[in-house]
$ cat final-v7.txt   # compact mmCIF, C-alpha atoms and all ligand atoms
# COMPACT_ATOMS: atom_id res chain seq x y z
CA MET A 1 -76.29 203.24 -3.73
CA TYR A 2 -74.71 202.75 -0.32
CA LYS A 3 -71.11 202.59 -1.59
CA ARG A 4 -70.60 206.30 -1.14
CA TYR A 5 -70.51 205.82 2.63
CA PHE A 6 -67.44 203.56 2.36
CA PRO A 7 -64.25 205.24 1.11
CA GLU A 8 -62.33 201.98 0.78
CA TYR A 9 -64.92 200.51 -1.52
CA LYS A 10 -63.43 201.52 -4.85
CA ASP A 11 -61.69 198.81 -6.82
CA HIS A 12 -62.72 195.74 -4.86
CA ILE A 13 -65.71 193.55 -5.23
CA TYR A 14 -65.92 192.76 -1.57
CA LEU A 15 -67.95 189.63 -0.89
CA ASP A 16 -66.29 188.67 2.39
CA ASN A 17 -68.67 190.45 4.70
CA ALA A 18 -69.21 187.46 6.97
CA ALA A 19 -65.52 187.78 7.94
CA THR A 20 -65.55 191.53 8.51
CA THR A 21 -67.46 194.51 7.17
CA MET A 22 -66.02 197.69 5.73
CA THR A 23 -66.04 200.86 7.81
CA PRO A 24 -68.12 203.91 6.83
CA VAL A 25 -66.62 207.42 6.85
CA LYS A 26 -68.75 208.39 9.84
CA VAL A 27 -67.13 205.69 11.95
CA ILE A 28 -63.60 206.32 10.66
CA MET A 29 -63.93 210.04 11.43
CA GLU A 30 -65.14 209.40 14.98
CA TYR A 31 -61.87 210.04 16.77
CA ASN A 32 -63.04 212.82 19.05
CA TYR A 33 -61.64 210.86 21.94
CA TYR A 34 -58.03 211.42 20.87
CA TRP A 35 -58.65 215.04 19.83
CA LYS A 36 -60.84 216.27 22.62
CA PHE A 37 -60.98 214.24 25.83
CA ASN A 38 -58.15 211.74 25.83
CA ALA A 39 -58.19 210.56 29.43
CA ASN A 40 -58.79 207.40 31.37
CA ILE A 41 -62.32 206.65 32.51
CA HIS A 42 -63.98 205.92 35.86
CA ARG A 43 -60.98 207.08 37.86
CA SER A 44 -59.91 210.63 36.95
CA PRO A 45 -61.69 213.51 38.73
CA HIS A 46 -60.50 216.13 36.21
CA LYS A 47 -62.59 217.56 33.38
CA LEU A 48 -61.06 215.39 30.65
CA GLY A 49 -61.55 212.24 32.70
CA GLN A 50 -65.15 213.17 33.47
CA GLU A 51 -65.90 213.83 29.84
CA ALA A 52 -64.28 210.60 28.65
CA THR A 53 -66.30 208.65 31.23
CA GLU A 54 -69.52 210.34 30.17
CA LYS A 55 -68.92 209.58 26.46
CA TYR A 56 -67.94 205.96 27.16
CA GLU A 57 -71.10 205.38 29.19
CA GLN A 58 -73.14 207.13 26.52
CA ALA A 59 -71.68 204.70 23.98
CA ARG A 60 -72.62 201.78 26.22
CA ALA A 61 -76.22 203.04 26.37
CA VAL A 62 -76.52 203.47 22.59
CA VAL A 63 -74.97 200.09 21.74
CA ALA A 64 -77.06 198.31 24.40
CA GLU A 65 -80.23 199.87 23.02
CA PHE A 66 -79.20 198.75 19.53
CA ALA A 67 -78.85 195.17 20.83
CA GLY A 68 -82.14 195.24 22.75
CA PHE A 69 -80.67 195.50 26.25
CA ASN A 70 -80.39 198.17 28.95
CA SER A 71 -77.22 200.18 29.41
CA ASN A 72 -76.46 198.35 32.68
CA GLU A 73 -76.52 195.03 30.82
CA LEU A 74 -73.73 195.52 28.25
CA ILE A 75 -70.10 194.57 28.84
CA PHE A 76 -67.52 195.82 26.35
CA THR A 77 -65.08 193.09 25.28
CA ARG A 78 -62.61 192.69 22.41
CA ASN A 79 -64.87 190.62 20.13
CA THR A 80 -67.43 187.80 20.04
CA THR A 81 -64.76 185.24 20.88
CA GLU A 82 -63.83 187.06 24.08
CA SER A 83 -67.51 187.58 24.94
CA ILE A 84 -68.18 183.84 24.79
CA ASN A 85 -65.00 183.01 26.71
CA LEU A 86 -66.00 185.55 29.34
CA LEU A 87 -69.43 184.00 29.64
CA ALA A 88 -68.18 180.41 29.78
CA ASN A 89 -65.80 181.40 32.59
CA ALA A 90 -68.00 183.80 34.56
CA LEU A 91 -70.85 181.31 34.74
CA THR A 92 -68.46 179.04 36.71
CA LEU A 93 -69.86 176.03 34.92
CA SER A 94 -69.47 172.70 36.67
CA ALA A 95 -70.09 169.07 35.78
CA SER A 96 -73.65 169.53 36.99
CA ASP A 97 -74.32 172.04 34.22
CA LEU A 98 -75.21 171.12 30.65
CA VAL A 99 -74.45 173.11 27.50
CA LEU A 100 -76.50 172.38 24.39
CA VAL A 101 -74.82 173.65 21.25
CA PRO A 102 -75.04 172.69 17.57
CA TRP A 103 -71.84 170.84 16.59
CA THR A 104 -71.86 172.91 13.42
CA GLU A 105 -71.07 176.24 15.13
CA HIS A 106 -68.20 178.66 14.58
CA HIS A 107 -65.23 177.57 16.71
CA ALA A 108 -65.82 180.62 18.93
CA ASN A 109 -69.11 179.11 20.04
CA LEU A 110 -67.71 175.60 20.46
CA LEU A 111 -64.29 175.71 22.06
CA PRO A 112 -65.07 177.91 25.10
CA TRP A 113 -67.76 175.40 26.13
CA ARG A 114 -65.44 172.45 25.51
CA HIS A 115 -62.83 174.23 27.59
CA SER A 116 -65.22 174.31 30.56
CA ILE A 117 -66.00 171.24 32.63
CA ALA A 118 -69.72 171.38 31.90
CA ASP A 119 -71.34 168.45 30.12
CA ILE A 120 -71.93 169.13 26.44
CA GLU A 121 -74.56 167.65 24.18
CA TYR A 122 -74.47 168.55 20.52
CA LEU A 123 -77.63 169.63 18.75
CA GLU A 124 -78.32 168.30 15.28
CA LEU A 125 -79.43 170.27 12.24
CA ASP A 126 -81.85 169.12 9.57
CA GLU A 127 -80.73 168.82 5.94
CA ASN A 128 -81.60 172.48 5.32
CA GLY A 129 -79.38 173.72 8.15
CA TYR A 130 -82.05 174.44 10.78
CA ILE A 131 -81.71 173.25 14.38
CA ASP A 132 -83.84 170.13 14.85
CA LEU A 133 -86.42 171.46 17.30
CA THR A 134 -87.96 168.04 17.93
CA GLY A 135 -84.52 166.75 18.90
CA LEU A 136 -83.94 169.82 21.10
CA ASN A 137 -87.29 169.30 22.79
CA GLU A 138 -86.51 165.64 23.47
CA THR A 139 -83.08 166.49 24.84
CA LEU A 140 -84.56 169.10 27.16
CA LYS A 141 -87.22 166.64 28.33
CA ARG A 142 -84.65 163.86 28.89
CA THR A 143 -82.20 166.06 30.82
CA LYS A 144 -84.77 168.00 32.88
CA GLY A 145 -84.06 167.76 36.61
CA ILE A 146 -80.68 166.07 36.06
CA TYR A 147 -78.63 169.28 35.81
CA ASP A 148 -78.46 172.43 37.91
CA ARG A 149 -78.44 174.60 34.79
CA ILE A 150 -78.96 173.99 31.10
CA LEU A 151 -77.65 176.57 28.65
CA ILE A 152 -78.56 176.56 24.95
CA SER A 153 -75.96 178.42 22.88
CA PHE A 154 -76.42 178.95 19.15
CA ALA A 155 -75.70 181.41 16.35
CA HIS A 156 -78.87 183.15 15.22
CA ILE A 157 -77.40 183.38 11.70
CA GLY A 158 -74.77 180.78 10.84
CA ASN A 159 -71.42 182.01 9.54
CA ILE A 160 -71.15 179.41 6.76
CA SER A 161 -74.77 178.52 6.00
CA GLY A 162 -76.28 181.97 6.52
CA ILE A 163 -79.27 180.08 7.93
CA GLN A 164 -81.37 182.10 10.32
CA GLN A 165 -82.41 179.87 13.19
CA PRO A 166 -85.97 180.14 14.55
CA TYR A 167 -84.77 181.99 17.61
CA LYS A 168 -88.24 182.82 18.98
CA LYS A 169 -89.23 179.14 18.93
CA ILE A 170 -85.99 178.20 20.65
CA VAL A 171 -86.64 180.85 23.32
CA THR A 172 -90.14 179.43 23.91
CA LEU A 173 -88.76 175.90 24.22
CA ALA A 174 -85.99 177.04 26.57
CA LYS A 175 -88.48 178.85 28.80
CA ALA A 176 -90.68 175.77 29.03
CA TYR A 177 -87.72 173.88 30.48
CA ASN A 178 -86.19 176.74 32.42
CA ALA A 179 -83.04 176.64 30.26
CA LEU A 180 -80.80 179.65 29.67
CA ILE A 181 -80.10 181.02 26.19
CA HIS A 182 -76.96 182.52 24.73
CA VAL A 183 -77.21 183.89 21.20
CA ASP A 184 -74.05 184.26 19.15
CA ALA A 185 -75.19 187.30 17.19
CA ALA A 186 -71.92 187.95 15.34
CA GLN A 187 -73.67 187.56 11.98
CA SER A 188 -77.08 188.87 12.96
CA ILE A 189 -76.74 191.90 15.22
CA VAL A 190 -76.89 194.30 12.28
CA LYS A 191 -80.26 192.82 11.38
CA TYR A 192 -81.94 192.14 14.73
CA LYS A 193 -82.42 193.30 18.27
CA TYR A 194 -82.76 190.73 21.03
CA SER A 195 -85.19 190.52 23.87
CA ASP A 196 -86.15 187.63 26.07
CA VAL A 197 -82.72 185.99 25.98
CA ASP A 198 -80.19 185.70 28.76
CA PHE A 199 -76.95 186.45 26.91
CA VAL A 200 -75.95 187.86 23.52
CA SER A 201 -72.46 188.20 22.01
CA PHE A 202 -71.26 190.19 19.00
CA SER A 203 -68.25 192.00 17.47
CA GLY A 204 -67.85 195.60 16.36
CA HIS A 205 -66.01 194.74 13.16
CA LYS A 206 -68.96 192.79 11.71
CA LEU A 207 -71.24 195.71 12.49
CA TYR A 208 -69.44 198.35 10.38
CA GLY A 209 -67.54 199.38 13.50
CA PRO A 210 -63.88 199.07 14.48
CA THR A 211 -61.87 195.98 15.29
CA GLY A 212 -60.85 195.36 18.88
CA ILE A 213 -64.25 195.91 20.41
CA GLY A 214 -67.15 193.57 20.99
CA CYS A 215 -69.96 193.11 23.47
CA LEU A 216 -71.52 190.62 25.81
CA CYS A 217 -75.05 191.50 26.82
CA VAL A 218 -76.25 189.93 30.04
CA ASN A 219 -79.76 190.05 31.42
CA LYS A 220 -79.07 191.79 34.73
CA LYS A 221 -80.79 189.10 36.78
CA HIS A 222 -77.74 186.90 36.13
CA PHE A 223 -75.04 189.23 37.43
CA ASP A 224 -75.24 188.13 41.05
CA LYS A 225 -74.61 184.52 39.99
CA MET A 226 -71.62 185.36 37.79
CA ASP A 227 -68.03 185.35 38.97
CA THR A 228 -65.25 187.67 37.77
CA TYR A 229 -63.37 186.90 34.54
CA GLN A 230 -60.18 188.95 34.32
CA VAL A 231 -59.29 190.87 37.45
CA GLY A 232 -57.23 194.00 38.13
CA GLY A 233 -57.73 197.76 38.28
CA GLY A 234 -61.01 199.51 37.65
CA ILE A 235 -63.30 196.77 38.94
CA VAL A 236 -62.83 196.98 42.71
CA THR A 237 -64.41 198.91 45.55
CA GLU A 238 -61.67 197.98 48.00
CA VAL A 239 -58.40 196.05 47.97
CA LYS A 240 -56.77 195.14 51.30
CA LYS A 241 -53.47 193.46 51.98
CA HIS A 242 -55.47 190.26 52.05
CA GLY A 243 -58.71 190.26 50.10
CA GLN A 244 -60.71 192.58 47.87
CA THR A 245 -64.29 193.45 46.96
CA TYR A 246 -65.49 193.94 43.42
CA ILE A 247 -67.99 196.38 41.97
CA ASP A 248 -71.29 195.00 40.72
CA GLY A 249 -72.68 194.80 37.20
CA CYS A 250 -71.01 195.29 33.84
CA GLY A 251 -67.98 197.20 35.13
CA LYS A 252 -66.87 194.11 37.05
CA TYR A 253 -66.03 192.50 33.69
CA GLU A 254 -64.01 195.39 32.26
CA ALA A 255 -60.75 195.13 34.20
CA GLY A 256 -58.01 197.52 33.10
CA THR A 257 -58.35 200.40 30.68
CA PRO A 258 -60.91 199.50 28.03
CA ASN A 259 -61.02 200.39 24.35
CA ILE A 260 -62.59 203.81 24.93
CA ALA A 261 -62.12 205.10 21.37
CA GLY A 262 -63.48 201.80 20.02
CA ALA A 263 -66.63 202.10 22.13
CA LEU A 264 -67.27 205.57 20.72
CA GLN A 265 -66.74 204.34 17.16
CA LEU A 266 -69.04 201.41 17.79
CA GLN A 267 -71.70 203.83 18.97
CA LYS A 268 -71.32 205.67 15.64
CA ALA A 269 -71.66 202.41 13.73
CA CYS A 270 -74.91 201.57 15.54
CA GLU A 271 -76.27 205.06 14.85
CA PHE A 272 -75.26 204.73 11.19
CA ILE A 273 -77.15 201.43 10.79
CA THR A 274 -80.17 202.77 12.64
CA GLU A 275 -80.26 205.84 10.38
CA LEU A 276 -80.18 203.70 7.24
CA GLY A 277 -82.82 201.36 8.66
CA ARG A 278 -82.17 197.76 9.63
CA GLU A 279 -85.22 196.38 7.83
CA GLU A 280 -84.46 198.22 4.59
CA LEU A 281 -80.86 196.99 4.61
CA LEU A 282 -81.93 193.41 5.25
CA ALA A 283 -84.53 193.47 2.47
CA TYR A 284 -81.95 194.88 0.05
CA GLU A 285 -79.33 192.26 0.98
CA LYS A 286 -81.85 189.44 0.61
CA GLU A 287 -82.72 190.55 -2.91
CA LEU A 288 -79.09 190.75 -3.94
CA THR A 289 -78.41 187.35 -2.41
CA ILE A 290 -81.11 185.81 -4.62
CA LYS A 291 -79.18 187.11 -7.65
CA LEU A 292 -75.97 185.58 -6.33
CA LYS A 293 -77.71 182.22 -5.90
CA GLU A 294 -78.51 182.27 -9.63
CA ILE A 295 -74.77 182.07 -10.34
CA VAL A 296 -73.56 179.51 -7.81
CA THR A 297 -75.54 176.74 -6.18
CA PRO A 298 -75.45 177.19 -2.43
CA VAL A 299 -75.13 174.21 -0.10
CA TRP A 300 -77.80 175.87 2.09
CA GLU A 301 -80.60 177.22 -0.04
CA ASP A 302 -82.06 179.57 2.62
CA GLY A 303 -78.91 181.51 3.60
CA VAL A 304 -79.93 185.11 4.35
CA ASN A 305 -76.95 186.99 2.94
CA ILE A 306 -74.36 184.22 2.80
CA VAL A 307 -73.85 181.91 -0.18
CA THR A 308 -71.49 179.04 0.49
CA PHE A 309 -70.81 176.59 -2.31
CA LYS A 310 -68.83 173.53 -3.36
CA THR A 311 -66.38 173.71 -6.21
CA ASP A 312 -65.02 171.06 -8.58
CA ALA A 313 -61.57 172.65 -8.42
CA HIS A 314 -59.88 173.14 -5.06
CA PRO A 315 -61.78 175.86 -3.11
CA GLY A 316 -58.50 177.55 -2.19
CA ASP A 317 -57.56 177.85 -5.89
CA VAL A 318 -60.95 179.29 -6.76
CA ALA A 319 -60.77 181.93 -4.00
CA THR A 320 -57.16 182.82 -4.84
CA LEU A 321 -57.84 183.26 -8.54
CA LEU A 322 -60.94 185.31 -7.76
CA GLY A 323 -58.77 187.40 -5.43
CA GLY A 324 -56.42 188.02 -8.36
CA LYS A 325 -59.38 189.58 -10.15
CA ASN A 326 -60.16 191.79 -7.13
CA ILE A 327 -63.07 189.68 -6.02
CA ALA A 328 -62.88 189.00 -2.28
CA VAL A 329 -64.40 185.71 -1.11
CA ARG A 330 -63.36 183.25 1.61
CA SER A 331 -62.49 179.59 1.25
CA GLY A 332 -61.46 176.69 3.45
CA MET A 333 -62.88 175.64 6.81
CA LEU A 334 -64.45 179.04 7.56
CA CYS A 335 -63.82 178.58 11.31
CA ALA A 336 -66.41 175.79 11.45
CA GLU A 337 -64.24 172.82 10.54
CA PRO A 338 -66.54 169.98 11.68
CA TYR A 339 -69.46 171.32 9.65
CA VAL A 340 -67.46 172.22 6.55
CA LYS A 341 -65.59 168.88 6.51
CA SER A 342 -68.91 167.03 6.72
CA ILE A 343 -69.68 168.53 3.32
CA ASP A 344 -66.30 168.64 1.60
CA GLU A 345 -63.00 167.59 3.19
CA ARG A 346 -61.20 170.20 1.07
CA GLY A 347 -63.34 173.11 2.26
CA LEU A 348 -65.95 175.38 0.69
CA VAL A 349 -66.09 178.83 -0.90
CA ARG A 350 -68.18 181.55 0.75
CA ALA A 351 -69.47 184.77 -0.79
CA SER A 352 -71.27 187.05 1.65
CA ILE A 353 -73.28 190.14 0.79
CA SER A 354 -73.52 193.51 2.47
CA PHE A 355 -75.80 196.41 1.59
CA TYR A 356 -72.90 198.26 -0.10
CA ASN A 357 -72.77 195.54 -2.75
CA ASP A 358 -74.83 196.09 -5.85
CA ILE A 359 -75.93 194.26 -8.95
CA LYS A 360 -72.75 195.33 -10.80
CA ASP A 361 -70.71 193.51 -8.15
CA ILE A 362 -72.74 190.38 -8.76
CA GLU A 363 -72.27 190.66 -12.51
CA LYS A 364 -68.52 191.10 -12.10
CA PHE A 365 -68.42 188.15 -9.73
CA SER A 366 -70.33 186.06 -12.28
CA LYS A 367 -67.93 186.89 -15.12
CA ALA A 368 -64.83 186.31 -12.99
CA TYR A 369 -66.19 183.07 -11.53
CA ASN A 370 -66.91 181.65 -14.99
CA GLU A 371 -63.39 182.57 -16.16
CA VAL A 372 -61.83 180.96 -13.08
CA CYS A 373 -63.87 177.76 -13.50
CA GLN A 374 -62.85 177.54 -17.16
CA LEU A 375 -59.20 178.06 -16.34
CA LEU A 376 -59.23 175.45 -13.58
CA THR A 377 -60.99 172.79 -15.65
CA LYS A 378 -58.71 173.16 -18.70
C1 LIG B 401 -71.11 183.23 14.04
C2 LIG B 401 -69.78 183.74 14.51
N1 LIG B 401 -69.44 183.61 15.79
C3 LIG B 401 -68.28 184.07 16.27
C4 LIG B 401 -67.36 184.66 15.43
C5 LIG B 401 -66.06 185.16 16.00
O1 LIG B 401 -66.00 186.55 15.87
P1 LIG B 401 -64.65 187.33 16.27
O2 LIG B 401 -63.57 186.76 15.41
O3 LIG B 401 -64.94 188.76 15.97
O4 LIG B 401 -64.44 187.07 17.71
C6 LIG B 401 -67.66 184.79 14.08
C7 LIG B 401 -66.67 185.37 13.15
O5 LIG B 401 -66.68 185.10 11.98
C8 LIG B 401 -68.91 184.34 13.61
O6 LIG B 401 -69.24 184.47 12.34

$ encode --input "final-v7.txt" --output "structure tokens" --more "lines below"
Ligand SMILES: Cc1ncc(COP(=O)(O)O)c(C=O)c1O
Amino acid sequence: MYKRYFPEYKDHIYLDNAATTMTPVKVIMEYNYYWKFNANIHRSPHKLGQEATEKYEQARAVVAEFAGFNSNELIFTRNTTESINLLANALTLSASDLVLVPWTEHHANLLPWRHSIADIEYLELDENGYIDLTGLNETLKRTKGIYDRILISFAHIGNISGIQQPYKKIVTLAKAYNALIHVDAAQSIVKYKYSDVDFVSFSGHKLYGPTGIGCLCVNKKHFDKMDTYQVGGGIVTEVKKHGQTYIDGCGKYEAGTPNIAGALQLQKACEFITELGREELLAYEKELTIKLKEIVTPVWEDGVNIVTFKTDAHPGDVATLLGGKNIAVRSGMLCAEPYVKSIDERGLVRASISFYNDIKDIEKFSKAYNEVCQLLTK
């Protein structure tokens, strides 16, 4: 029923939505920037420049509202990966800071922390894929008072398990110990708004928006403790022969000319999702996911819209042969190599649902999957 919004969705059975989502017509057609007010922002006094600035800031306000933040709390980046790198750098982490992160995370929420000099402790998951809250509590109790800052960073919905972590409980725990929270919302921003957390990261291309744009939301109380990330034009109040002063707030993290057209398209994507209704879309996806779980046995039973499974044949062969039948799934390490390898050294296969999938897609997947399994076990 939702396919009509997506012109590309014709011949494919697209079940690779955890990697990227398709783009609706409304977002594709949002190229007013190039037609009507193609100018640089925050620096040009002319009419075009003024209009471009106004629209860009309007986009910031809409996307921030969609994420649960204020317009002066959203930094435009390239994607989730850049958002987390920005955060890990701008926090100027030192050896007297501690980052608590599940070892099972997407590489984007692992490597930037490893790259810093902060101490890292890895959080464990239980056998169903949920963060072990007793373990987290004990870690927070044990490390209290030892570090200047403790930051808990986790994906609200996991990219291979599809498990939705109990984010409210984690927030309560963090508050009790005065720890900061960063939510990697790459897989969950379409479904949820965030409040009560310090930092949130997400990408446009997993939110039915364009590639090349993402966001880092920062509770504004943290800005005065954050250093610059990339530096250059557009983020300064004054540059002298020796020395410079930077502007405050979000703009300080958007050096150079940003992806203005991308911000406007992302605004459209957020409006599109809001119009359709986040709760309705989630309920629909959950129902369809149950049907998918009747065909393949997921490693993580509770995945919201992601079904990741083991295969007797090599996972790469399964995904390639399915691809040959126009069924798009992912296979391999799924950018979470430690977690995937702990289950199967060869990798896993992941099918992920979006609201533009329907029961016919699931039936076609079922038929193709059975054929592929038969072929590979001959
Ligand atoms: C949970 C999670 N975090 C981070 C990322 C990285 O997103 P991007 O490649 O858009 O930076 C992904 C992408 O799959 C993801 O699923």

$ residues_around --input "final-v7.txt" --residues "Val101 (chain A)" --least-positions-apart "2" --cutoff "9 Å" --atoms "all atoms listed in the file" --output "list in words"
Val99, Trp103, Thr104, Glu105, Asn109, Leu110, Trp113, Ile120, Glu121, Tyr122, Leu123, Glu124, Leu151, Ile152, Ser153 and Phe154 of chain A

$ residues_near_ligand --input "final-v7.txt" --ligand "ligand LIG 401 (chain B)" --cutoff "7 Å" --atoms "all atoms listed in the file" --output "VMD selection string"
chain A and resid 18 to 19 79 to 82 106 108 to 109 155 157 to 159 184 to 187 203 205

$ atom_distance --input "final-v7.txt" --atom1 "CA of Val62 (chain A)" --atom2 "CA of Tyr33 (chain A)"
16.6 Å

$ closest_residue --input "final-v7.txt" --among "A:Ile75, A:Val307, A:Val197, A:Ala61" --to "Glu294 (chain A)" --atoms "only C-alpha atoms"
A:Val307

$ closest_residue --input "final-v7.txt" --among "A:Asp358, A:Glu271, A:Glu51, A:Glu73" --to "Lys36 (chain A)" --atoms "all atoms listed in the file"
A:Glu51

$ residues_around --input "final-v7.txt" --residues "Ser71 (chain A)" --least-positions-apart "2" --cutoff "10 Å" --atoms "all atoms listed in the file" --output "list in words"
Glu57, Gln58, Ala59, Arg60, Ala61, Val62, Val63, Ala64, Glu65, Gly68, Phe69, Glu73, Leu74, Ile75, Cys217 and Cys250 of chain A

$ residues_around --input "final-v7.txt" --residues "Asp126 (chain A)" --least-positions-apart "5" --cutoff "12 Å" --atoms "all atoms listed in the file" --output "list in words"
Pro102, Thr104, Ile131, Asp132, Leu133, Thr134, Gly135, Leu136, Ile163, Gln165 and Trp300 of chain A

$ closest_residue --input "final-v7.txt" --among "A:Leu87, A:Val190, A:Ala313, A:Ala368" --to "Asp227 (chain A)" --atoms "all atoms listed in the file"
A:Leu87

$ residues_near_point --input "final-v7.txt" --point "(-76.9, 188.1, 40.4)" --cutoff "12 Å" --atoms "only C-alpha atoms" --output "ChimeraX atom specification"
/A:73,90-91,218-228,248-250

$ residues_around --input "final-v7.txt" --residues "region 11-15 of chain A" --least-positions-apart "6" --cutoff "7 Å" --atoms "all atoms listed in the file" --output "list in words"
Asn326, Ile327, Ala328, Val329, Ala351, Ser352, Ile353 and Asp361 of chain A

$ closest_residue --input "final-v7.txt" --among "A:Ile260, A:Val304, A:Leu125, A:Leu100" --to "Lys286 (chain A)" --atoms "all atoms listed in the file"
A:Val304

$ closest_residue --input "final-v7.txt" --among "A:Ile84, A:Glu54, A:His182, A:Tyr246" --to "Pro112 (chain A)" --atoms "all atoms listed in the file"
A:Ile84

$ residues_around --input "final-v7.txt" --residues "Phe37 (chain A)" --least-positions-apart "5" --cutoff "9 Å" --atoms "only C-alpha atoms" --output "MDAnalysis selection string"
chainID A and resid 32 47:52

$ write_last_selection --input "final-v7.txt" --atoms "C-alpha atoms" --output "CSV table (one decimal), keeping the file's coordinate frame"
chain,number,residue,atom,x,y,z
A,32,ASN,CA,-63.0,212.8,19.0
A,47,LYS,CA,-62.6,217.6,33.4
A,48,LEU,CA,-61.1,215.4,30.6
A,49,GLY,CA,-61.6,212.2,32.7
A,50,GLN,CA,-65.2,213.2,33.5
A,51,GLU,CA,-65.9,213.8,29.8
A,52,ALA,CA,-64.3,210.6,28.6

$ closest_residue --input "final-v7.txt" --among "A:Lys252, A:Arg149, A:His42, A:His115" --to "Phe76 (chain A)" --atoms "all atoms listed in the file"
A:Lys252

$ atom_distance --input "final-v7.txt" --atom1 "CA of Leu207 (chain A)" --atom2 "CA of Tyr192 (chain A)"
11.5 Å

$ atom_distance --input "final-v7.txt" --atom1 "CA of Lys291 (chain A)" --atom2 "CA of Tyr167 (chain A)"
26.4 Å

$ build_atoms --input "final-v7.txt" --residues "region 258-269 of chain A" --atoms "N, CA and C atoms" --output "PDB file, in the frame of the given file"
ATOM      1  N   PRO A 258     -60.236 200.101  29.196  1.00  0.00           N
ATOM      2  CA  PRO A 258     -60.910 199.500  28.030  1.00  0.00           C
ATOM      3  C   PRO A 258     -60.610 200.254  26.736  1.00  0.00           C
ATOM      4  N   ASN A 259     -61.183 199.766  25.662  1.00  0.00           N
ATOM      5  CA  ASN A 259     -61.020 200.390  24.350  1.00  0.00           C
ATOM      6  C   ASN A 259     -62.029 201.539  24.242  1.00  0.00           C
ATOM      7  N   ILE A 260     -61.655 202.677  24.815  1.00  0.00           N
ATOM      8  CA  ILE A 260     -62.590 203.810  24.930  1.00  0.00           C
ATOM      9  C   ILE A 260     -62.927 204.351  23.528  1.00  0.00           C
ATOM     10  N   ALA A 261     -61.889 204.564  22.723  1.00  0.00           N
ATOM     11  CA  ALA A 261     -62.120 205.100  21.370  1.00  0.00           C
ATOM     12  C   ALA A 261     -62.975 204.116  20.556  1.00  0.00           C
ATOM     13  N   GLY A 262     -62.723 202.830  20.748  1.00  0.00           N
ATOM     14  CA  GLY A 262     -63.480 201.800  20.020  1.00  0.00           C
ATOM     15  C   GLY A 262     -64.957 201.817  20.395  1.00  0.00           C
ATOM     16  N   ALA A 263     -65.232 202.051  21.677  1.00  0.00           N
ATOM     17  CA  ALA A 263     -66.630 202.100  22.130  1.00  0.00           C
ATOM     18  C   ALA A 263     -67.350 203.267  21.445  1.00  0.00           C
ATOM     19  N   LEU A 264     -66.651 204.396  21.339  1.00  0.00           N
ATOM     20  CA  LEU A 264     -67.270 205.570  20.720  1.00  0.00           C
ATOM     21  C   LEU A 264     -67.510 205.342  19.223  1.00  0.00           C
ATOM     22  N   GLN A 265     -66.568 204.646  18.594  1.00  0.00           N
ATOM     23  CA  GLN A 265     -66.740 204.340  17.160  1.00  0.00           C
ATOM     24  C   GLN A 265     -67.867 203.326  16.963  1.00  0.00           C
ATOM     25  N   LEU A 266     -67.971 202.400  17.901  1.00  0.00           N
ATOM     26  CA  LEU A 266     -69.040 201.410  17.790  1.00  0.00           C
ATOM     27  C   LEU A 266     -70.408 202.090  17.940  1.00  0.00           C
ATOM     28  N   GLN A 267     -70.459 203.067  18.826  1.00  0.00           N
ATOM     29  CA  GLN A 267     -71.700 203.830  18.970  1.00  0.00           C
ATOM     30  C   GLN A 267     -72.077 204.447  17.619  1.00  0.00           C
ATOM     31  N   LYS A 268     -71.075 205.030  16.941  1.00  0.00           N
ATOM     32  CA  LYS A 268     -71.320 205.670  15.640  1.00  0.00           C
ATOM     33  C   LYS A 268     -71.844 204.646  14.632  1.00  0.00           C
ATOM     34  N   ALA A 269     -71.248 203.448  14.676  1.00  0.00           N
ATOM     35  CA  ALA A 269     -71.660 202.410  13.730  1.00  0.00           C
ATOM     36  C   ALA A 269     -73.131 202.037  13.964  1.00  0.00           C
TER      37      ALA A 269
END
